[in-house]
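Enquirer: What follows is run_21.cif, mmCIF, C-alpha atoms and all ligand atoms.
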```cif
data_query
loop_
_atom_site.label_atom_id
_atom_site.label_comp_id
_atom_site.auth_asym_id
_atom_site.auth_seq_id
_atom_site.Cartn_x
_atom_site.Cartn_y
_atom_site.Cartn_z
CA MET M 150 -42.40 -66.18 -63.07
CA VAL M 151 -39.95 -68.52 -64.77
CA VAL M 152 -41.34 -71.13 -67.18
CA GLU M 153 -39.70 -73.75 -69.40
CA GLY M 154 -39.63 -72.61 -73.05
CA ALA M 155 -42.84 -71.79 -74.87
CA ARG M 156 -45.40 -74.52 -74.18
CA ARG M 157 -46.53 -74.86 -77.78
CA MET M 158 -46.44 -78.17 -79.63
CA GLN M 159 -44.78 -77.93 -83.03
CA PRO M 160 -45.87 -79.94 -86.07
CA ALA M 161 -43.31 -82.67 -86.86
CA ASP M 162 -43.60 -82.14 -90.63
CA SER M 163 -40.44 -80.65 -92.20
CA SER M 164 -41.91 -80.20 -95.70
CA VAL M 165 -41.12 -76.92 -97.42
CA VAL M 166 -43.55 -75.24 -99.80
CA LEU M 167 -42.43 -72.70 -102.41
CA THR M 168 -44.76 -70.54 -104.43
CA ARG M 169 -43.94 -67.98 -107.09
CA CYS M 170 -44.87 -64.36 -106.42
CA GLU M 171 -43.87 -61.87 -109.10
CA ASP M 172 -44.30 -58.70 -107.02
CA TYR M 173 -46.06 -57.17 -104.01
CA GLN M 174 -49.40 -56.58 -105.76
CA PRO M 175 -51.96 -57.61 -103.09
CA GLU M 176 -53.71 -60.16 -105.31
CA ASN M 177 -50.42 -61.85 -106.29
CA VAL M 178 -49.23 -61.98 -102.68
CA GLY M 179 -52.62 -63.24 -101.48
CA GLU M 180 -52.57 -66.10 -104.01
CA ALA M 181 -48.96 -67.03 -103.21
CA VAL M 182 -49.46 -67.05 -99.44
CA SER M 183 -52.72 -68.96 -99.71
CA ALA M 184 -51.06 -71.60 -101.90
CA ALA M 185 -47.98 -71.76 -99.64
CA LEU M 186 -50.19 -72.50 -96.66
CA GLY M 187 -52.63 -74.70 -98.59
CA LEU M 188 -49.95 -77.20 -99.61
CA LEU M 189 -48.92 -77.53 -95.96
CA GLY M 190 -52.50 -78.34 -94.97
CA GLY M 191 -53.90 -74.84 -94.53
CA ALA M 192 -53.95 -72.47 -91.55
CA GLY M 193 -56.20 -74.97 -89.79
CA LYS M 194 -53.26 -77.33 -89.47
CA PHE M 195 -51.53 -74.79 -87.22
CA ALA M 196 -54.39 -73.10 -85.35
CA ARG M 197 -57.75 -74.18 -84.04
CA LYS M 198 -60.85 -71.99 -84.02
CA GLY M 199 -60.67 -69.22 -81.44
CA GLN M 200 -56.98 -69.69 -80.56
CA SER M 201 -54.70 -66.67 -80.15
CA VAL M 202 -52.25 -66.20 -83.02
CA PHE M 203 -49.20 -63.90 -82.88
CA ILE M 204 -47.72 -63.08 -86.29
CA LYS M 205 -44.09 -62.13 -85.65
CA VAL M 206 -42.79 -60.17 -88.63
CA ASN M 207 -39.35 -58.69 -89.24
CA ALA M 208 -39.77 -55.04 -88.20
CA VAL M 209 -36.28 -54.70 -86.77
CA THR M 210 -36.15 -50.99 -87.48
CA ALA M 211 -38.36 -48.15 -88.74
CA SER M 212 -37.74 -48.79 -92.44
CA ASP M 213 -39.86 -48.31 -95.52
CA PRO M 214 -40.89 -51.72 -96.95
CA ALA M 215 -39.46 -50.60 -100.31
CA THR M 216 -35.99 -51.09 -98.81
CA ALA M 217 -36.71 -54.86 -98.47
CA ILE M 218 -35.24 -54.70 -94.95
CA VAL M 219 -38.56 -55.50 -93.26
CA THR M 220 -41.36 -57.97 -93.99
CA HIS M 221 -43.55 -56.46 -96.69
CA PRO M 222 -46.96 -55.45 -95.26
CA GLU M 223 -48.82 -57.13 -98.12
CA VAL M 224 -47.31 -60.47 -97.10
CA THR M 225 -48.34 -59.79 -93.51
CA ARG M 226 -51.85 -58.86 -94.67
CA ALA M 227 -52.18 -62.15 -96.57
CA VAL M 228 -51.03 -64.17 -93.53
CA ILE M 229 -53.44 -62.30 -91.24
CA THR M 230 -56.30 -63.03 -93.64
CA GLU M 231 -55.54 -66.76 -93.66
CA PHE M 232 -55.67 -66.98 -89.85
CA GLN M 233 -58.66 -64.68 -89.47
CA ARG M 234 -60.73 -67.38 -91.18
CA LEU M 235 -60.22 -69.33 -87.93
CA THR M 236 -59.99 -66.76 -85.20
CA ASP M 237 -60.44 -63.08 -84.49
CA ARG M 238 -57.58 -63.21 -81.94
CA VAL M 239 -54.78 -62.32 -84.36
CA THR M 240 -51.97 -59.98 -83.29
CA VAL M 241 -49.10 -58.71 -85.46
CA GLY M 242 -45.87 -57.23 -84.25
CA ASP M 243 -42.19 -57.48 -83.43
CA SER M 244 -39.67 -56.26 -80.89
CA PRO M 245 -37.42 -53.89 -82.85
CA GLY M 246 -33.84 -53.02 -81.88
CA GLY M 247 -33.95 -50.20 -79.33
CA PRO M 248 -35.93 -49.56 -76.15
CA PHE M 249 -38.93 -51.91 -75.85
CA THR M 250 -41.50 -49.16 -75.41
CA PRO M 251 -44.93 -48.51 -76.93
CA ALA M 252 -43.55 -45.26 -78.41
CA LEU M 253 -40.82 -47.05 -80.41
CA LEU M 254 -43.17 -49.88 -81.38
CA LYS M 255 -45.75 -47.41 -82.74
CA ARG M 256 -43.11 -45.50 -84.73
CA VAL M 257 -41.72 -48.71 -86.25
CA TYR M 258 -45.21 -50.07 -87.04
CA GLU M 259 -46.14 -46.81 -88.80
CA LYS M 260 -43.00 -46.72 -90.93
CA THR M 261 -43.04 -50.40 -91.87
CA GLY M 262 -46.70 -50.32 -92.95
CA LEU M 263 -47.75 -52.72 -90.21
CA ALA M 264 -50.04 -50.21 -88.48
CA ARG M 265 -51.96 -49.61 -91.71
CA VAL M 266 -52.39 -53.32 -92.42
CA ALA M 267 -53.55 -53.97 -88.84
CA ALA M 268 -56.09 -51.15 -89.08
CA GLU M 269 -57.39 -52.39 -92.43
CA THR M 270 -57.70 -56.05 -91.40
CA GLY M 271 -58.80 -55.55 -87.79
CA ALA M 272 -55.79 -57.43 -86.41
CA ASP M 273 -54.36 -56.21 -83.09
CA LEU M 274 -50.99 -54.47 -83.05
CA GLY M 275 -48.45 -56.00 -80.67
CA LEU M 276 -47.93 -53.18 -78.16
CA ASP M 277 -47.58 -55.31 -75.02
CA THR M 278 -44.09 -54.70 -73.61
CA ALA M 279 -44.29 -57.30 -70.84
CA THR M 280 -41.55 -59.94 -70.75
CA VAL M 281 -41.27 -63.45 -69.42
CA ASP M 282 -38.26 -65.44 -68.14
CA LEU M 283 -37.86 -68.90 -69.57
CA ARG M 284 -35.87 -71.82 -68.25
CA LEU M 285 -33.93 -73.41 -71.06
CA PRO M 286 -32.38 -76.71 -69.93
CA GLN M 287 -31.44 -77.60 -73.52
CA GLY M 288 -29.86 -74.18 -74.18
CA LYS M 289 -26.22 -74.28 -75.23
CA MET M 290 -25.30 -70.65 -74.55
CA LEU M 291 -27.97 -69.67 -72.02
CA LYS M 292 -30.00 -71.72 -69.57
CA ARG M 293 -32.32 -68.83 -68.85
CA LEU M 294 -33.73 -66.39 -71.34
CA THR M 295 -36.01 -63.35 -71.36
CA LEU M 296 -38.51 -63.17 -74.22
CA CYS M 297 -41.56 -61.05 -75.12
CA ARG M 298 -44.56 -62.39 -73.21
CA SER M 299 -47.03 -61.81 -76.05
CA MET M 300 -45.04 -64.10 -78.37
CA VAL M 301 -44.41 -66.80 -75.76
CA GLU M 302 -47.97 -66.97 -74.50
CA ALA M 303 -49.79 -66.94 -77.85
CA ASP M 304 -51.36 -70.30 -78.67
CA VAL M 305 -49.81 -70.10 -82.13
CA LEU M 306 -46.67 -68.18 -83.14
CA VAL M 307 -46.24 -67.54 -86.85
CA SER M 308 -42.86 -66.18 -87.97
CA VAL M 309 -42.92 -64.12 -91.18
CA CYS M 310 -39.35 -63.20 -92.05
CA LYS M 311 -37.19 -61.72 -94.79
CA PHE M 312 -34.21 -63.46 -96.41
CA LYS M 313 -31.18 -61.20 -96.58
CA THR M 314 -27.51 -60.93 -95.83
CA HIS M 315 -26.31 -60.00 -92.35
CA ARG M 316 -22.88 -58.52 -91.79
CA PHE M 317 -22.13 -60.55 -88.64
CA LEU M 318 -23.82 -63.90 -89.36
CA ASN M 319 -23.82 -63.70 -93.18
CA ILE M 320 -27.51 -64.64 -93.44
CA THR M 321 -30.67 -63.69 -91.62
CA GLY M 322 -33.80 -65.65 -92.40
CA PRO M 323 -36.26 -68.04 -90.77
CA ILE M 324 -33.90 -69.09 -87.94
CA LYS M 325 -32.73 -65.64 -86.87
CA ASN M 326 -36.14 -63.98 -87.16
CA LEU M 327 -37.00 -65.30 -83.72
CA TYR M 328 -34.14 -63.33 -82.16
CA GLY M 329 -36.71 -60.54 -82.43
CA SER M 330 -38.65 -62.28 -79.67
CA VAL M 331 -35.90 -61.10 -77.29
CA PRO M 332 -37.21 -57.77 -76.00
CA GLY M 333 -35.60 -54.54 -77.19
CA LEU M 334 -32.26 -53.74 -75.61
CA THR M 335 -31.94 -57.21 -74.04
CA LYS M 336 -30.82 -58.33 -77.52
CA PHE M 337 -27.68 -56.25 -77.14
CA VAL M 338 -27.07 -57.35 -73.56
CA TYR M 339 -26.97 -60.95 -74.80
CA HIS M 340 -24.88 -59.91 -77.79
CA SER M 341 -22.32 -58.33 -75.46
CA ARG M 342 -21.91 -61.72 -73.75
CA PHE M 343 -21.37 -63.57 -77.03
CA GLU M 344 -19.14 -61.47 -79.23
CA ASP M 345 -17.77 -64.38 -81.22
CA ASP M 346 -19.89 -65.00 -84.32
CA ARG M 347 -20.08 -68.77 -83.73
CA GLN M 348 -21.19 -68.30 -80.13
CA PHE M 349 -23.73 -65.71 -81.19
CA ALA M 350 -25.04 -68.08 -83.88
CA ASP M 351 -25.51 -70.74 -81.19
CA LEU M 352 -27.44 -68.23 -79.10
CA ILE M 353 -29.68 -67.54 -82.12
CA VAL M 354 -30.43 -71.28 -82.29
CA ASP M 355 -31.17 -71.35 -78.53
CA VAL M 356 -33.65 -68.49 -78.90
CA HIS M 357 -35.33 -70.08 -81.90
CA LEU M 358 -35.77 -73.38 -80.07
CA ALA M 359 -37.15 -71.58 -77.00
CA ALA M 360 -39.63 -69.44 -78.94
CA LYS M 361 -41.00 -72.50 -80.83
CA PRO M 362 -42.73 -70.93 -83.82
CA SER M 363 -45.61 -73.07 -85.07
CA LEU M 364 -45.17 -72.00 -88.67
CA ASN M 365 -42.45 -70.16 -90.62
CA ILE M 366 -43.16 -68.09 -93.71
CA VAL M 367 -40.54 -66.22 -95.71
CA ASP M 368 -41.12 -63.11 -97.78
CA ALA M 369 -38.49 -63.77 -100.45
CA VAL M 370 -40.20 -61.83 -103.21
CA GLU M 371 -37.39 -59.32 -102.81
CA ILE M 372 -34.26 -60.32 -100.92
CA ILE M 373 -30.98 -58.55 -100.13
CA ASP M 374 -27.48 -59.77 -101.00
CA GLY M 375 -24.06 -58.15 -100.63
CA ASP M 376 -23.14 -55.91 -97.73
CA GLY M 377 -26.20 -56.42 -95.52
CA SER M 378 -29.49 -54.62 -95.01
CA ARG M 379 -28.29 -51.05 -95.43
CA HIS M 380 -25.51 -51.47 -97.99
CA GLY M 381 -26.56 -54.54 -99.94
CA SER M 382 -28.53 -54.88 -103.18
CA ILE M 383 -32.18 -55.79 -103.58
CA ARG M 384 -32.55 -58.94 -105.66
CA LYS M 385 -35.74 -60.58 -106.88
CA MET M 386 -36.22 -64.20 -105.84
CA LYS M 387 -39.98 -63.91 -106.48
CA ALA M 388 -40.79 -66.53 -103.88
CA VAL M 389 -42.91 -67.10 -100.83
CA GLY M 390 -41.85 -70.09 -98.75
CA SER M 391 -43.43 -71.84 -95.80
CA SER M 392 -42.63 -74.69 -93.46
CA ALA M 393 -43.26 -75.78 -89.90
CA ASP M 394 -39.49 -76.32 -89.78
CA ALA M 395 -37.40 -73.15 -89.99
CA PHE M 396 -34.19 -75.14 -90.44
CA ALA M 397 -35.59 -76.90 -93.51
CA LEU M 398 -36.90 -73.64 -94.95
CA GLU M 399 -33.56 -71.88 -94.42
CA SER M 400 -31.67 -74.81 -95.99
CA GLN M 401 -33.89 -74.59 -99.05
CA LEU M 402 -33.44 -70.82 -99.40
CA LEU M 403 -29.70 -71.19 -99.06
CA GLU M 404 -29.58 -73.70 -101.88
CA MET M 405 -31.64 -71.34 -104.06
CA ALA M 406 -29.07 -68.63 -103.36
CA GLY M 407 -26.27 -70.98 -104.42
CA LEU M 408 -24.73 -71.01 -100.93
CA GLU M 409 -23.36 -73.74 -98.70
CA PRO M 410 -24.73 -74.44 -95.18
CA SER M 411 -21.37 -73.27 -93.81
CA ASP M 412 -22.05 -69.82 -95.31
CA ASP M 413 -25.00 -69.34 -92.94
CA LYS M 414 -23.72 -69.18 -89.38
CA PRO M 415 -27.00 -69.92 -87.52
CA LEU M 416 -27.73 -72.86 -89.82
CA ALA M 417 -24.14 -74.12 -89.50
CA ALA M 418 -24.49 -73.91 -85.69
CA ALA M 419 -27.75 -75.87 -85.82
CA ILE M 420 -26.15 -78.57 -87.99
CA ALA M 421 -23.08 -78.79 -85.75
CA ARG M 422 -25.18 -79.47 -82.67
CA GLY M 423 -27.47 -81.95 -84.39
CA VAL M 424 -30.63 -79.84 -84.58
CA CYS M 425 -30.93 -80.61 -88.31
CA PRO M 426 -28.98 -82.43 -91.02
CA SER M 427 -26.96 -80.61 -93.66
CA GLY M 428 -28.25 -80.00 -97.18
CA THR M 429 -31.76 -80.36 -98.57
CA GLY M 430 -32.13 -84.13 -98.90
CA TRP M 431 -33.84 -84.58 -95.53
CA PHE M 432 -37.12 -82.85 -96.38
CA GLU M 433 -39.60 -82.70 -99.21
CA THR M 434 -40.07 -79.53 -101.24
CA LEU M 435 -43.57 -79.00 -102.63
CA GLY M 436 -44.98 -76.45 -105.04
CA GLU M 437 -42.65 -74.53 -107.35
CA ASP M 438 -39.38 -76.09 -108.51
CA PRO M 439 -36.60 -74.45 -106.43
CA ALA M 440 -34.38 -74.32 -109.51
CA GLY M 441 -36.88 -71.98 -111.17
CA LEU M 442 -36.63 -69.53 -108.27
CA ALA M 443 -32.86 -69.64 -107.79
CA VAL M 444 -30.91 -66.39 -107.89
CA GLY M 445 -27.48 -66.40 -109.50
CA GLU M 446 -24.33 -64.79 -108.14
CA PHE M 447 -25.73 -64.15 -104.68
CA ARG M 448 -23.08 -62.18 -102.80
CA LEU M 449 -22.21 -62.55 -99.13
CA PRO M 450 -21.05 -59.51 -97.13
CA GLY M 451 -17.44 -58.52 -97.75
CA LYS M 452 -15.70 -58.63 -94.38
CA ASN M 453 -11.96 -58.45 -94.73
CA LEU M 454 -9.09 -58.70 -97.10
CA PHE M 455 -8.19 -62.30 -96.39
CA SER M 456 -11.40 -63.98 -97.34
CA GLU M 457 -14.97 -62.84 -97.92
CA ARG M 458 -16.03 -65.85 -95.85
CA MET M 459 -13.47 -65.70 -93.04
CA PRO M 460 -15.01 -64.70 -89.68
CA ALA M 461 -14.15 -61.11 -88.80
CA ARG M 462 -12.78 -62.11 -85.42
CA ILE M 463 -10.04 -64.22 -87.03
CA ALA M 464 -8.96 -61.74 -89.66
CA GLY M 465 -9.37 -58.92 -87.16
CA ARG M 466 -6.74 -60.50 -84.95
CA PHE M 467 -4.24 -60.31 -87.78
CA SER M 468 -5.00 -56.73 -88.52
CA ARG M 469 -7.96 -54.52 -87.74
CA ALA M 470 -6.74 -52.33 -90.55
CA LEU M 471 -7.65 -55.03 -93.08
CA ALA M 472 -11.28 -55.53 -92.00
CA VAL M 473 -14.38 -53.54 -92.92
CA THR M 474 -15.40 -51.28 -90.01
CA PRO M 475 -18.36 -48.97 -89.36
CA ARG M 476 -17.77 -45.29 -90.08
CA PRO M 477 -20.40 -42.75 -88.91
CA LEU M 478 -21.10 -40.15 -91.59
CA PRO M 479 -21.17 -36.67 -89.99
CA GLU M 480 -23.27 -35.24 -92.82
CA LYS M 481 -26.08 -37.74 -92.08
CA CYS M 482 -25.75 -38.29 -88.32
CA SER M 483 -28.56 -36.60 -86.40
CA GLY M 484 -26.88 -37.20 -83.05
CA CYS M 485 -29.82 -39.27 -81.79
CA GLY M 486 -27.47 -41.55 -79.80
CA MET M 487 -29.34 -44.78 -80.68
CA CYS M 488 -26.16 -46.51 -81.91
CA ALA M 489 -24.26 -45.59 -78.71
CA GLY M 490 -27.13 -47.04 -76.66
CA ILE M 491 -27.23 -50.40 -78.44
CA CYS M 492 -23.54 -51.08 -79.21
CA PRO M 493 -22.74 -54.34 -77.40
CA ARG M 494 -19.10 -53.27 -76.88
CA GLU M 495 -19.81 -49.66 -75.88
CA ALA M 496 -17.51 -48.77 -78.76
CA ILE M 497 -19.54 -45.69 -79.76
CA THR M 498 -19.47 -42.38 -77.97
CA MET M 499 -21.23 -39.15 -78.82
CA ARG M 500 -18.89 -36.23 -79.35
CA GLN M 501 -20.23 -32.79 -80.17
CA GLY M 502 -23.52 -34.36 -81.22
CA LEU M 503 -21.95 -36.92 -83.57
CA ALA M 504 -21.32 -40.66 -83.20
CA VAL M 505 -17.66 -41.72 -83.01
CA VAL M 506 -16.52 -45.38 -83.17
CA ASP M 507 -13.53 -46.72 -81.25
CA SER M 508 -12.44 -49.39 -83.71
CA SER M 509 -10.19 -51.05 -81.12
CA LYS M 510 -13.34 -52.09 -79.22
CA CYS M 511 -15.56 -52.80 -82.24
CA ILE M 512 -16.41 -56.46 -83.03
CA ARG M 513 -17.97 -55.49 -86.38
CA CYS M 514 -21.40 -56.82 -85.59
CA PHE M 515 -22.87 -53.81 -87.47
CA CYS M 516 -25.90 -53.54 -85.18
CA CYS M 517 -25.26 -49.78 -85.32
CA ASP M 518 -25.56 -49.86 -89.09
CA GLU M 519 -28.71 -51.99 -89.09
CA LEU M 520 -30.54 -49.78 -86.61
CA CYS M 521 -29.48 -46.29 -87.68
CA GLU M 522 -32.62 -44.81 -89.17
CA GLN M 523 -30.62 -41.97 -90.79
CA GLN M 524 -28.45 -44.48 -92.65
CA ALA M 525 -25.56 -42.57 -91.17
CA ILE M 526 -23.23 -45.55 -90.71
CA GLY M 527 -20.99 -46.02 -93.69
CA LEU M 528 -18.51 -48.82 -94.32
CA LYS M 529 -14.80 -48.14 -94.09
CA VAL M 530 -13.36 -50.61 -96.60
CA PRO M 531 -9.55 -51.01 -96.54
CA LEU M 532 -7.79 -49.86 -99.70
CA LEU M 533 -6.31 -53.29 -100.42
CA MET M 534 -9.75 -54.86 -100.17
CA ARG M 535 -11.23 -52.28 -102.52
CA LEU M 536 -8.47 -53.02 -105.00
CA LYS M 537 -9.08 -56.77 -104.63
CA ARG M 538 -12.80 -56.32 -105.24
CA SER M 539 -12.35 -54.10 -108.26
S1 LIG V 1 -25.03 -42.70 -86.44
FE1 LIG V 1 -27.24 -42.95 -86.63
S2 LIG V 1 -27.94 -43.93 -84.77
FE2 LIG V 1 -25.86 -43.11 -84.38
S3 LIG V 1 -26.20 -41.10 -83.48
FE3 LIG V 1 -25.95 -40.80 -85.69
S4 LIG V 1 -28.05 -40.85 -86.53
FE4 LIG V 1 -28.16 -41.71 -84.44
S1 LIG V 2 -19.51 -49.97 -83.25
FE1 LIG V 2 -21.20 -50.91 -84.39
S2 LIG V 2 -20.22 -52.67 -85.38
FE2 LIG V 2 -18.84 -52.03 -83.75
S3 LIG V 2 -19.40 -53.29 -81.98
FE3 LIG V 2 -20.57 -51.37 -81.85
S4 LIG V 2 -22.55 -51.82 -82.85
FE4 LIG V 2 -21.10 -53.44 -83.44
#
```
How does the structure come out when it is put into structure tokens?
Ligand code: SF4
Ligand code: SF4

Expert:
Amino acid sequence: MVVEGARRMQPADSSVVLTRCEDYQPENVGEAVSAALGLLGGAGKFARKGQSVFIKVNAVTASDPATAIVTHPEVTRAVITEFQRLTDRVTVGDSPGGPFTPALLKRVYEKTGLARVAAETGADLGLDTATVDLRLPQGKMLKRLTLCRSMVEADVLVSVCKFKTHRFLNITGPIKNLYGSVPGLTKFVYHSRFEDDRQFADLIVDVHLAAKPSLNIVDAVEIIDGDGSRHGSIRKMKAVGSSADAFALESQLLEMAGLEPSDDKPLAAAIARGVCPSGTGWFETLGEDPAGLAVGEFRLPGKNLFSERMPARIAGRFSRALAVTPRPLPEKCSGCGMCAGICPREAITMRQGLAVVDSSKCIRCFCCDELCEQQAIGLKVPLLMRLKRS
């Protein structure tokens, strides 16, 4: 069956709420999430009694929450609790990178703490691997899209994301979190069609608009800057944010990180096609003063010698030797083959049980790095770039 986008209505309010949250102590997180929702009108503004609610977290890979790569389970617990006041039909889950199978979902949910939180709260775990094809007349990159059925068909979709750097798009946050509604390996099939970072950013916007989250919440208690999920640094923003409008929420977070809209490729794509204005003047920010939650010297991923902000595809054309590339580490590689299976350019082959990258094919999306559970993908940084950095 092919349907047109998710059928949900989305609240028109673009207000952003920020609340301070010092750490992941359950009581602190519970207070912060409750206040973040309360100032928007409460969970009842987004869901009616008895409706089905799908809470889509960031569980992109089987990572310990202490790494700050995935949504912290205490934030998820607090969001579940808010919606369980209205309905007992609450499901939590994600579609991680890799095969969209119950076996992978269960492993990721265990490692990320989601399984424990679901068991303790009585929420259902998202184990449905059915998909649905959507017609997307307004799509810029795709007019037809496959998404996870459980997220599309829920009455209410709540996105609970992290805010961190991303080696291909610079930033991943409220907008990109919905790319996780593309099932498993289909993510990489789409990625292989849009290798250019600007095209891929436009696809991210298409997916977000198709998925239509009702509410966006960000776990920005701990965020990641620098060289992306696996190689970056954990920073403390001590914030929980919420908004019905992911573009407003992402704009606000960006300002708090001292970045420009052009630094965030999905947001820049959304601005360029008129989905939202640039800056933060077009919405109201309630709750905590953003200035009090700002983090100084937030670092974007280093990409190449020419400019930390130049797209890899441009610098790469001048010289692949001057761009950062993935380098499998033989001492850590278990030979599982996951990276070879997901690489959108088929640039990875397995030789004698170890991953080997053909850098002439590599587009430096670093999906291999993000999904390698052994953290066996290192960064090969050109000598001149290392000297420039030091
Ligand atoms: S680099 Fe990582 S994902 Fe790739 S084969 Fe080795 S352990 Fe598996
Ligand atoms: S080798 Fe890694 S960084 Fe290069 S294209 Fe494949 S997944 Fe992307």

Enquirer: Considering all atoms listed in the file, tabulate each residue of chain M that lies at most 6 Å from ligand LIG 1 (chain V) along with its nearest interatomic pair and the corresponding distance in Å to one decimal; arrange the rows by chain and ascending residue number and present them as a tab-separated table.

Expert:
```
residue	atom	partner	partner_atom	distance
M:Pro477	CA	V:LIG1	S1	5.2
M:Cys482	CA	V:LIG1	FE3	3.6
M:Ser483	CA	V:LIG1	S4	4.3
M:Gly484	CA	V:LIG1	S3	4.0
M:Cys485	CA	V:LIG1	FE4	4.0
M:Gly486	CA	V:LIG1	S3	3.9
M:Met487	CA	V:LIG1	S2	4.4
M:Cys488	CA	V:LIG1	FE2	4.2
M:Leu503	CA	V:LIG1	S3	6.0
M:Ala504	CA	V:LIG1	S3	4.9
M:Cys521	CA	V:LIG1	S2	4.1
M:Gln523	CA	V:LIG1	S4	5.1
M:Ala525	CA	V:LIG1	S1	4.8
M:Ile526	CA	V:LIG1	S1	5.4
```

Enquirer: Show me which residues sit within 12 Å of ligand LIG 2 (chain V) when counting only C-alpha atoms and all ligand atoms, and put them as a ChimeraX atom specification.

Expert: /M:246,315-317,336-338,340-341,343-346,452,461-462,469,472-477,486-499,504-521,525-529

Enquirer: Report, in Å to a single decimal, how far apart atom CA of Val224 of chain M and atom CA of Pro175 of chain M are.

Expert: 8.1 Å

Enquirer: Pick from M:Phe203, M:Phe432, M:Tyr173, M:Tyr258: nearest to Gln233 of chain M, with all atoms listed in the file counted?

Expert: M:Phe203

Enquirer: One decimal, in Å: what's the spacing between atom CA of Val301 of chain M and atom CA of Gly242 of chain M?

Expert: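 Atom-to-atom, atom CA of Val301 of chain M to atom CA of Gly242 of chain M, that is 12.9 Å.
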
Enquirer: For Pro214 of chain M, please output as a ChimeraX atom specification all residues within 10 Å (counting only C-alpha atoms; exclusion window: fewer than 2 positions along the same chain).

Expert: /M:208,211-212,216-223,260-263

Enquirer: Selection from above, C-alpha atoms, as a PDB file, keeping the file's coordinate frame, can you write it?

Expert:
```pdb
ATOM      1  CA  ALA M 208     -39.770 -55.040 -88.200  1.00  0.00           C
ATOM      2  CA  ALA M 211     -38.360 -48.150 -88.740  1.00  0.00           C
ATOM      3  CA  SER M 212     -37.740 -48.790 -92.440  1.00  0.00           C
ATOM      4  CA  THR M 216     -35.990 -51.090 -98.810  1.00  0.00           C
ATOM      5  CA  ALA M 217     -36.710 -54.860 -98.470  1.00  0.00           C
ATOM      6  CA  ILE M 218     -35.240 -54.700 -94.950  1.00  0.00           C
ATOM      7  CA  VAL M 219     -38.560 -55.500 -93.260  1.00  0.00           C
ATOM      8  CA  THR M 220     -41.360 -57.970 -93.990  1.00  0.00           C
ATOM      9  CA  HIS M 221     -43.550 -56.460 -96.690  1.00  0.00           C
ATOM     10  CA  PRO M 222     -46.960 -55.450 -95.260  1.00  0.00           C
ATOM     11  CA  GLU M 223     -48.820 -57.130 -98.120  1.00  0.00           C
ATOM     12  CA  LYS M 260     -43.000 -46.720 -90.930  1.00  0.00           C
ATOM     13  CA  THR M 261     -43.040 -50.400 -91.870  1.00  0.00           C
ATOM     14  CA  GLY M 262     -46.700 -50.320 -92.950  1.00  0.00           C
ATOM     15  CA  LEU M 263     -47.750 -52.720 -90.210  1.00  0.00           C
TER      16      LEU M 263
END
```

Enquirer: Counting all atoms listed in the file, what is within 8 Å of segment 415-420 of chain M, bar same-chain residues fewer than 3 positions away, as a PyMOL selection string?

Expert: chain M and resi 318+320+324-325+347+350-351+353-354+396+399-400+410-412+423-427

Enquirer: If you keep C-alpha atoms, can you produce a file of those selected residues as a compact mmCIF listing (two decimals), in the frame of the given file?

Expert:
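So part11.txt came out as:
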```
# COMPACT_ATOMS: atom_id res chain seq x y z
CA LEU M 318 -23.82 -63.90 -89.36
CA ILE M 320 -27.51 -64.64 -93.44
CA ILE M 324 -33.90 -69.09 -87.94
CA LYS M 325 -32.73 -65.64 -86.87
CA ARG M 347 -20.08 -68.77 -83.73
CA ALA M 350 -25.04 -68.08 -83.88
CA ASP M 351 -25.51 -70.74 -81.19
CA ILE M 353 -29.68 -67.54 -82.12
CA VAL M 354 -30.43 -71.28 -82.29
CA PHE M 396 -34.19 -75.14 -90.44
CA GLU M 399 -33.56 -71.88 -94.42
CA SER M 400 -31.67 -74.81 -95.99
CA PRO M 410 -24.73 -74.44 -95.18
CA SER M 411 -21.37 -73.27 -93.81
CA ASP M 412 -22.05 -69.82 -95.31
CA GLY M 423 -27.47 -81.95 -84.39
CA VAL M 424 -30.63 -79.84 -84.58
CA CYS M 425 -30.93 -80.61 -88.31
CA PRO M 426 -28.98 -82.43 -91.02
CA SER M 427 -26.96 -80.61 -93.66
```

Enquirer: Please report as JSON lines every residue of segment 162-238 of chain M lying within 12 Å of segment 401-404 of chain M, along with the nearest atom pair and their distance in Å (one decimal), using all atoms listed in the file.

Expert:
```
{"residue": "M:Ser163", "atom": "CA", "partner": "M:Gln401", "partner_atom": "CA", "distance": 11.2}
{"residue": "M:Ser164", "atom": "CA", "partner": "M:Gln401", "partner_atom": "CA", "distance": 10.3}
{"residue": "M:Val165", "atom": "CA", "partner": "M:Gln401", "partner_atom": "CA", "distance": 7.8}
{"residue": "M:Val166", "atom": "CA", "partner": "M:Gln401", "partner_atom": "CA", "distance": 9.7}
{"residue": "M:Leu167", "atom": "CA", "partner": "M:Gln401", "partner_atom": "CA", "distance": 9.4}
```

Enquirer: Grab the atom CA of Gly247 of chain M to atom CA of Asn207 of chain M distance for me, in Å with one decimal place.

Expert: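 Here the two named atoms are 14.1 Å from each other.
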
Enquirer: Give me the residues near Val182 of chain M as a PyMOL selection string, where near means some atom within 8 Å (using only C-alpha atoms) and where sequence neighbours in that chain fewer than 3 positions away do not count.

Expert: chain M and resi 168+178-179+185-186+224+227-228+389

Enquirer: Can you tell me, as a list of chain:residue names, what residues are no more than 7 Å from segment 447-450 of chain M when counting all atoms listed in the file, ignoring any on the same chain fewer than 5 positions away?

Expert: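 Final neighbour list, sorted by chain and number: M:Thr314, M:Arg316, M:Asn319, M:Asp374, M:Gly375, M:Asp376, M:Gly377, M:Ala406, M:Gly407, M:Glu457.
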
Enquirer: Smallest atom-to-atom distance to Thr335 of chain M: which of M:Ala252, M:Ala181, M:Leu294, M:Ala393, using only C-alpha atoms?

Expert: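 Nearest to Thr335 of chain M: M:Leu294.
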